[in-house]
file start-v3.txt (compact mmCIF, C-alpha atoms)
# COMPACT_ATOMS: atom_id res chain seq x y z
CA GLU Z 29 6.02 -14.73 -29.34
CA PRO Z 30 5.71 -12.75 -26.10
CA GLU Z 31 4.72 -14.77 -23.07
CA VAL Z 32 3.93 -14.50 -19.39
CA THR Z 33 6.65 -16.08 -17.28
CA GLN Z 34 6.25 -17.28 -13.72
CA THR Z 35 8.79 -18.28 -11.11
CA PRO Z 36 9.34 -20.58 -9.41
CA SER Z 37 7.62 -23.43 -11.21
CA HIS Z 38 7.23 -25.28 -7.91
CA GLN Z 39 7.35 -23.86 -4.39
CA VAL Z 40 7.27 -26.02 -1.28
CA THR Z 41 6.67 -24.32 2.04
CA GLN Z 42 5.74 -25.04 5.62
CA MET Z 43 2.34 -24.05 6.92
CA GLY Z 44 2.47 -20.55 8.41
CA GLN Z 45 5.34 -19.39 6.23
CA GLU Z 46 5.15 -16.48 3.83
CA VAL Z 47 5.57 -17.09 0.11
CA ILE Z 48 5.98 -14.74 -2.82
CA LEU Z 49 5.05 -15.91 -6.29
CA ARG Z 50 6.53 -13.96 -9.14
CA CYS Z 51 5.30 -13.13 -12.61
CA VAL Z 52 6.65 -11.16 -15.52
CA PRO Z 53 3.67 -10.12 -17.64
CA ILE Z 54 3.86 -9.41 -21.36
CA SER Z 55 5.78 -6.16 -21.63
CA ASN Z 56 3.22 -3.77 -23.12
CA HIS Z 57 0.23 -5.12 -21.18
CA LEU Z 58 -1.59 -2.97 -18.67
CA TYR Z 59 -3.84 -5.39 -16.79
CA PHE Z 60 -2.58 -8.18 -14.56
CA TYR Z 61 -4.37 -11.06 -12.91
CA TRP Z 62 -3.84 -13.93 -10.50
CA TYR Z 63 -5.91 -17.11 -10.69
CA ARG Z 64 -5.76 -20.28 -8.64
CA GLN Z 65 -6.47 -23.91 -9.57
CA ILE Z 66 -6.76 -26.50 -6.82
CA LEU Z 67 -5.76 -29.94 -8.11
CA GLY Z 68 -8.49 -31.43 -10.27
CA GLN Z 69 -10.73 -28.37 -10.05
CA LYS Z 70 -11.53 -25.38 -12.22
CA VAL Z 71 -9.49 -22.20 -12.48
CA GLU Z 72 -10.68 -19.51 -10.04
CA PHE Z 73 -10.14 -15.75 -10.20
CA LEU Z 74 -8.26 -14.15 -7.31
CA VAL Z 75 -7.45 -10.56 -8.20
CA SER Z 76 -6.93 -8.09 -11.02
CA PHE Z 77 -4.55 -5.15 -10.95
CA TYR Z 78 -4.39 -2.00 -13.04
CA ASN Z 79 -2.63 1.31 -12.70
CA ASN Z 80 -0.86 0.19 -9.52
CA GLU Z 81 -3.98 -0.78 -7.65
CA ILE Z 82 -6.38 -3.66 -7.27
CA SER Z 83 -9.34 -3.29 -9.60
CA GLU Z 84 -11.29 -6.42 -8.66
CA LYS Z 85 -10.88 -9.24 -6.19
CA SER Z 86 -12.79 -12.39 -5.34
CA GLU Z 87 -13.89 -13.63 -1.94
CA ILE Z 88 -10.91 -16.00 -1.99
CA PHE Z 89 -8.52 -13.03 -1.93
CA ASP Z 90 -8.65 -12.30 1.79
CA ASP Z 91 -6.30 -10.37 4.06
CA GLN Z 92 -3.55 -12.97 3.86
CA PHE Z 93 -3.09 -12.22 0.16
CA SER Z 94 -1.49 -9.14 -1.35
CA VAL Z 95 -0.24 -8.14 -4.78
CA GLU Z 96 2.42 -5.73 -5.84
CA ARG Z 97 4.11 -4.41 -8.93
CA PRO Z 98 7.46 -3.54 -7.37
CA ASP Z 99 9.06 -2.38 -10.61
CA GLY Z 100 8.20 -1.98 -14.27
CA SER Z 101 8.30 -5.65 -15.07
CA ASN Z 102 7.38 -7.87 -12.12
CA PHE Z 103 3.98 -8.62 -10.63
CA THR Z 104 3.94 -10.56 -7.36
CA LEU Z 105 1.44 -12.43 -5.23
CA LYS Z 106 2.27 -12.72 -1.55
CA ILE Z 107 0.61 -15.14 0.82
CA ARG Z 108 1.42 -14.00 4.35
CA SER Z 109 0.82 -17.11 6.40
CA THR Z 110 0.20 -20.14 4.24
CA LYS Z 111 -2.42 -22.73 5.09
CA LEU Z 112 -2.69 -26.31 3.87
CA GLU Z 113 -5.65 -25.34 1.70
CA ASP Z 114 -3.52 -22.79 -0.17
CA SER Z 115 -1.86 -25.70 -1.99
CA ALA Z 116 -2.75 -25.17 -5.65
CA MET Z 117 -1.47 -24.02 -9.03
CA TYR Z 118 -1.30 -20.24 -9.19
CA PHE Z 119 -1.54 -18.67 -12.62
CA CYS Z 120 -0.62 -15.15 -13.57
CA ALA Z 121 -2.25 -13.58 -16.63
CA SER Z 122 -1.96 -10.27 -18.41
CA SER Z 123 -3.97 -8.41 -21.01
CA GLY Z 124 -3.50 -5.34 -23.14
CA ASP Z 125 -6.60 -3.29 -22.51
CA ARG Z 126 -9.91 -3.18 -20.69
CA SER Z 127 -12.17 -3.58 -23.67
CA LEU Z 128 -14.18 -6.73 -24.02
CA LYS Z 129 -11.92 -7.73 -26.85
CA ASN Z 130 -8.84 -7.97 -24.66
CA ILE Z 131 -7.26 -11.40 -24.44
CA GLN Z 132 -5.78 -12.70 -21.21
CA TYR Z 133 -2.57 -14.64 -21.69
CA PHE Z 134 -1.64 -17.09 -18.98
CA GLY Z 135 1.71 -18.17 -17.62
CA ALA Z 136 2.61 -21.81 -17.04
CA GLY Z 137 1.86 -21.46 -13.34
CA THR Z 138 3.55 -21.98 -9.99
CA ARG Z 139 2.65 -25.12 -8.10
CA LEU Z 140 2.47 -24.25 -4.40
CA SER Z 141 2.70 -27.14 -1.96
CA VAL Z 142 2.04 -26.29 1.69
CA LEU Z 143 3.20 -28.97 4.12
CA GLY J 6 -19.26 -16.63 -7.82
CA GLN J 7 -20.68 -17.46 -11.23
CA GLN J 8 -21.27 -21.13 -12.01
CA LEU J 9 -20.41 -22.44 -15.46
CA ASN J 10 -21.20 -26.11 -15.99
CA GLN J 11 -19.50 -28.04 -18.74
CA SER J 12 -20.58 -31.32 -20.23
CA PRO J 13 -19.47 -33.93 -20.63
CA GLN J 14 -16.95 -34.06 -17.77
CA SER J 15 -14.78 -36.44 -19.78
CA MET J 16 -14.69 -38.03 -23.21
CA PHE J 17 -12.83 -40.95 -24.72
CA ILE J 18 -12.85 -40.92 -28.50
CA GLN J 19 -11.07 -42.56 -31.41
CA GLU J 20 -8.65 -40.53 -33.46
CA GLY J 21 -10.47 -39.02 -36.42
CA GLU J 22 -13.80 -38.65 -34.65
CA ASP J 23 -15.54 -35.34 -34.14
CA VAL J 24 -16.04 -33.97 -30.62
CA SER J 25 -18.68 -31.69 -29.19
CA MET J 26 -18.77 -30.15 -25.72
CA ASN J 27 -20.83 -27.41 -24.20
CA CYS J 28 -20.99 -24.93 -21.37
CA THR J 29 -24.03 -23.46 -19.65
CA SER J 30 -24.49 -20.75 -17.09
CA SER J 31 -27.31 -19.24 -15.12
CA SER J 32 -25.81 -15.82 -15.81
CA ILE J 33 -25.52 -13.79 -19.00
CA PHE J 34 -22.00 -13.22 -20.24
CA ASN J 35 -20.82 -10.64 -22.73
CA THR J 36 -17.82 -12.67 -23.85
CA TRP J 37 -17.32 -16.42 -24.06
CA LEU J 38 -13.89 -17.97 -24.43
CA TRP J 39 -12.57 -21.49 -24.84
CA TYR J 40 -9.18 -22.48 -23.39
CA LYS J 41 -7.20 -25.71 -23.53
CA GLN J 42 -4.95 -26.80 -20.68
CA ASP J 43 -2.20 -29.38 -21.06
CA PRO J 44 -0.79 -31.09 -17.95
CA GLY J 45 1.43 -28.77 -15.94
CA GLU J 46 0.69 -25.81 -18.18
CA GLY J 47 -1.47 -22.72 -18.06
CA PRO J 48 -4.67 -22.30 -20.08
CA VAL J 49 -4.12 -21.42 -23.74
CA LEU J 50 -6.82 -19.49 -25.58
CA LEU J 51 -8.45 -21.33 -28.48
CA ILE J 52 -11.39 -19.17 -29.50
CA ALA J 53 -13.00 -15.93 -28.28
CA LEU J 54 -16.65 -15.04 -28.95
CA TYR J 55 -18.00 -11.53 -28.52
CA LYS J 56 -21.56 -11.49 -29.85
CA ALA J 57 -24.67 -13.58 -29.22
CA GLY J 58 -25.12 -16.03 -32.08
CA GLU J 59 -21.53 -15.64 -33.27
CA LEU J 60 -19.98 -18.74 -34.83
CA THR J 61 -16.19 -18.70 -35.06
CA SER J 62 -13.68 -21.22 -36.36
CA ASN J 63 -10.00 -21.74 -35.65
CA GLY J 64 -8.70 -24.56 -37.83
CA ARG J 65 -10.52 -27.74 -36.81
CA LEU J 66 -12.22 -25.96 -33.91
CA THR J 67 -15.59 -24.23 -34.13
CA ALA J 68 -17.34 -22.47 -31.28
CA GLN J 69 -20.66 -20.67 -30.94
CA PHE J 70 -21.91 -18.00 -28.56
CA GLY J 71 -25.46 -18.97 -27.61
CA ILE J 72 -28.36 -16.67 -28.47
CA THR J 73 -29.39 -16.44 -24.82
CA ARG J 74 -25.79 -15.48 -23.90
CA LYS J 75 -25.93 -18.17 -21.24
CA ASP J 76 -24.27 -20.96 -23.19
CA SER J 77 -21.61 -21.87 -25.69
CA PHE J 78 -20.40 -24.97 -27.46
CA LEU J 79 -17.08 -26.10 -28.89
CA ASN J 80 -16.68 -28.63 -31.70
CA ILE J 81 -13.45 -30.31 -32.73
CA SER J 82 -13.46 -32.06 -36.08
CA ALA J 83 -11.26 -34.99 -37.08
CA SER J 84 -9.56 -35.30 -33.68
CA ILE J 85 -5.84 -36.06 -33.43
CA PRO J 86 -3.77 -37.31 -30.48
CA SER J 87 -2.48 -33.82 -29.60
CA ASP J 88 -6.07 -32.71 -28.93
CA VAL J 89 -5.76 -34.52 -25.61
CA GLY J 90 -6.16 -32.15 -22.67
CA ILE J 91 -8.71 -30.34 -20.57
CA TYR J 92 -10.97 -27.85 -22.31
CA PHE J 93 -12.37 -24.99 -20.27
CA CYS J 94 -15.01 -22.48 -21.19
CA ALA J 95 -14.75 -19.07 -19.58
CA GLY J 96 -17.06 -16.08 -19.47
CA GLN J 97 -16.61 -12.39 -18.92
CA LEU J 98 -19.45 -10.30 -17.55
CA GLY J 99 -18.22 -7.08 -19.10
CA SER J 100 -19.37 -3.66 -17.89
CA GLY J 101 -16.01 -3.07 -16.26
CA ALA J 102 -15.65 -6.54 -14.76
CA ASN J 103 -12.78 -8.11 -16.64
CA ASN J 104 -12.05 -11.25 -14.68
CA LEU J 105 -12.75 -14.65 -16.20
CA PHE J 106 -15.15 -17.19 -14.72
CA PHE J 107 -14.05 -20.67 -15.74
CA GLY J 108 -16.16 -23.73 -16.34
CA THR J 109 -15.68 -27.09 -14.70
CA GLY J 110 -13.73 -28.47 -17.66
CA THR J 111 -14.05 -31.35 -20.13
CA ARG J 112 -11.19 -33.85 -20.15
CA LEU J 113 -10.60 -35.21 -23.65
CA THR J 114 -8.73 -38.44 -24.34
CA VAL J 115 -8.02 -39.38 -27.96
CA ILE J 116 -7.24 -43.03 -28.62
CA PRO J 117 -4.89 -43.48 -31.61
call {"tool": "encode", "arguments": {"input": "start-v3.txt", "output": "structure tokens"}}
result
Amino acid sequence: EPEVTQTPSHQVTQMGQEVILRCVPISNHLYFYWYRQILGQKVEFLVSFYNNEISEKSEIFDDQFSVERPDGSNFTLKIRSTKLEDSAMYFCASSGDRSLKNIQYFGAGTRLSVL
Amino acid sequence: GQQLNQSPQSMFIQEGEDVSMNCTSSSIFNTWLWYKQDPGEGPVLLIALYKAGELTSNGRLTAQFGITRKDSFLNISASIPSDVGIYFCAGQLGSGANNLFFGTGTRLTVIP
């Protein structure tokens, strides 16, 4: 069964460093998403991406965040200068189409630890 | 952002018992979804609901989309140990906004 894959599974970084989280969405999907889950809390939407541009973003997704689809298969989330409060699980998701019946499939996540 | 409140926050039940949890919002959603999250994993979709009043089953799971479009419930019948996990409701506003708003989660523990 097709799945969303994320790498690395765990990333440890020093405060102020840049990190890039990588995702390979399901191959025929057109919509891509990043969500964040701080330990013990609910999953929160960060950004959605379609047709090589951001379609929606939340207030969490500030100037230190950026997303890119550098080639036909990868979808990345970059955090320019990490802060302690960026420590969380980051989930990538993808879906096939924009209709209300589209289903978002989630990857297993990348645990980001900022020290 | 949208607030989706789930209750109860946690449940401890005996294997074989039925479970019921619900999700309420102050906003109207056009789609309600229920996800399960195992430790260290991403959310996995259980049931999707697209119409007010809709009642949908997936094996031992049954979920309903509330008539007001501001709530939903999930029932699990005859619970088994692998039902353990965190259950999240999620809503989509529709009208071009595709992102999911997740609930606060219900942590289920099944005692064998």
call {"tool": "closest_residue", "arguments": {"input": "start-v3.txt", "among": "J:Thr67, J:Asn103, J:Asn35, J:Thr114", "to": "Val89 in chain J", "atoms": "only C-alpha atoms"}}
result
J:Thr114
call {"tool": "residues_around", "arguments": {"input": "start-v3.txt", "residues": "Leu79 in chain J", "least_positions_apart": "6", "cutoff": "6 Å", "atoms": "all atoms listed in the file", "output": "ChimeraX atom specification"}}
result
/J:25-26,67-68
call {"tool": "residues_around", "arguments": {"input": "start-v3.txt", "residues": "range 61-77 of chain Z", "least_positions_apart": "4", "cutoff": "7 Å", "atoms": "all atoms listed in the file", "output": "list in words"}}
result
Glu81, Ile82, Ser83, Glu84, Lys85, Ser86, Ile88, Phe89, Ser115, Ala116, Met117, Tyr118, Phe119, Cys120, Ala121 and Ser122 of chain Z; Asn104, Leu105, Phe106, Phe107, Gly108, Thr109 and Gly110 of chain J
call {"tool": "axis_aligned_box", "arguments": {"input": "start-v3.txt", "around": "range 97-110 of chain Z", "padding_each_side": "4 Å", "output": "JSON"}}
result
{"center_x": 4.6, "center_y": -11.1, "center_z": -4.3, "size_x": 16.9, "size_y": 26.2, "size_z": 29.5}
call {"tool": "closest_residue", "arguments": {"input": "start-v3.txt", "among": "J:Pro86, J:Gly99, J:Glu22, J:Asn63", "to": "chain Z", "atoms": "all atoms listed in the file"}}
result
J:Gly99
call {"tool": "interface_residues", "arguments": {"input": "start-v3.txt", "of": "chain J", "to": "chain Z", "cutoff": "12 Å", "atoms": "all atoms listed in the file", "output": "PyMOL selection string"}}
result
chain J and resi 6-11+14+34-56+91-112
call {"tool": "atom_distance", "arguments": {"input": "start-v3.txt", "atom1": "CA of Leu113 in chain J", "atom2": "CA of Ser141 in chain Z"}}
result
26.7 Å
call {"tool": "residues_around", "arguments": {"input": "start-v3.txt", "residues": "Phe103 in chain Z", "least_positions_apart": "5", "cutoff": "8 Å", "atoms": "all atoms listed in the file", "output": "list of chain:residue names"}}
result
Z:Arg50, Z:Cys51, Z:Val52, Z:Pro53, Z:Phe60, Z:Val95, Z:Glu96, Z:Arg97, Z:Pro98
call {"tool": "write_last_selection", "arguments": {"input": "start-v3.txt", "atoms": "C-alpha atoms", "output": "PDB file, keeping the file's coordinate frame"}}
result
ATOM      1  CA  ARG Z  50       6.530 -13.960  -9.140  1.00  0.00           C
ATOM      2  CA  CYS Z  51       5.300 -13.130 -12.610  1.00  0.00           C
ATOM      3  CA  VAL Z  52       6.650 -11.160 -15.520  1.00  0.00           C
ATOM      4  CA  PRO Z  53       3.670 -10.120 -17.640  1.00  0.00           C
ATOM      5  CA  PHE Z  60      -2.580  -8.180 -14.560  1.00  0.00           C
ATOM      6  CA  VAL Z  95      -0.240  -8.140  -4.780  1.00  0.00           C
ATOM      7  CA  GLU Z  96       2.420  -5.730  -5.840  1.00  0.00           C
ATOM      8  CA  ARG Z  97       4.110  -4.410  -8.930  1.00  0.00           C
ATOM      9  CA  PRO Z  98       7.460  -3.540  -7.370  1.00  0.00           C
TER      10      PRO Z  98
END
call {"tool": "atom_distance", "arguments": {"input": "start-v3.txt", "atom1": "CA of Ile85 in chain J", "atom2": "CA of Glu29 in chain Z"}}
result
24.7 Å
call {"tool": "residues_near_point", "arguments": {"input": "start-v3.txt", "point": "(1.7, -23.0, 2.8)", "cutoff": "9 Å", "atoms": "all atoms listed in the file", "output": "list in words"}}
result
Val40, Thr41, Gln42, Met43, Gly44, Gln45, Glu46, Val47, Ile107, Ser109, Thr110, Lys111, Leu112, Glu113, Asp114, Ser115, Leu140, Ser141, Val142 and Leu143 of chain Z
call {"tool": "atom_distance", "arguments": {"input": "start-v3.txt", "atom1": "CA of Phe17 in chain J", "atom2": "CA of Gly71 in chain J"}}
result
25.5 Å
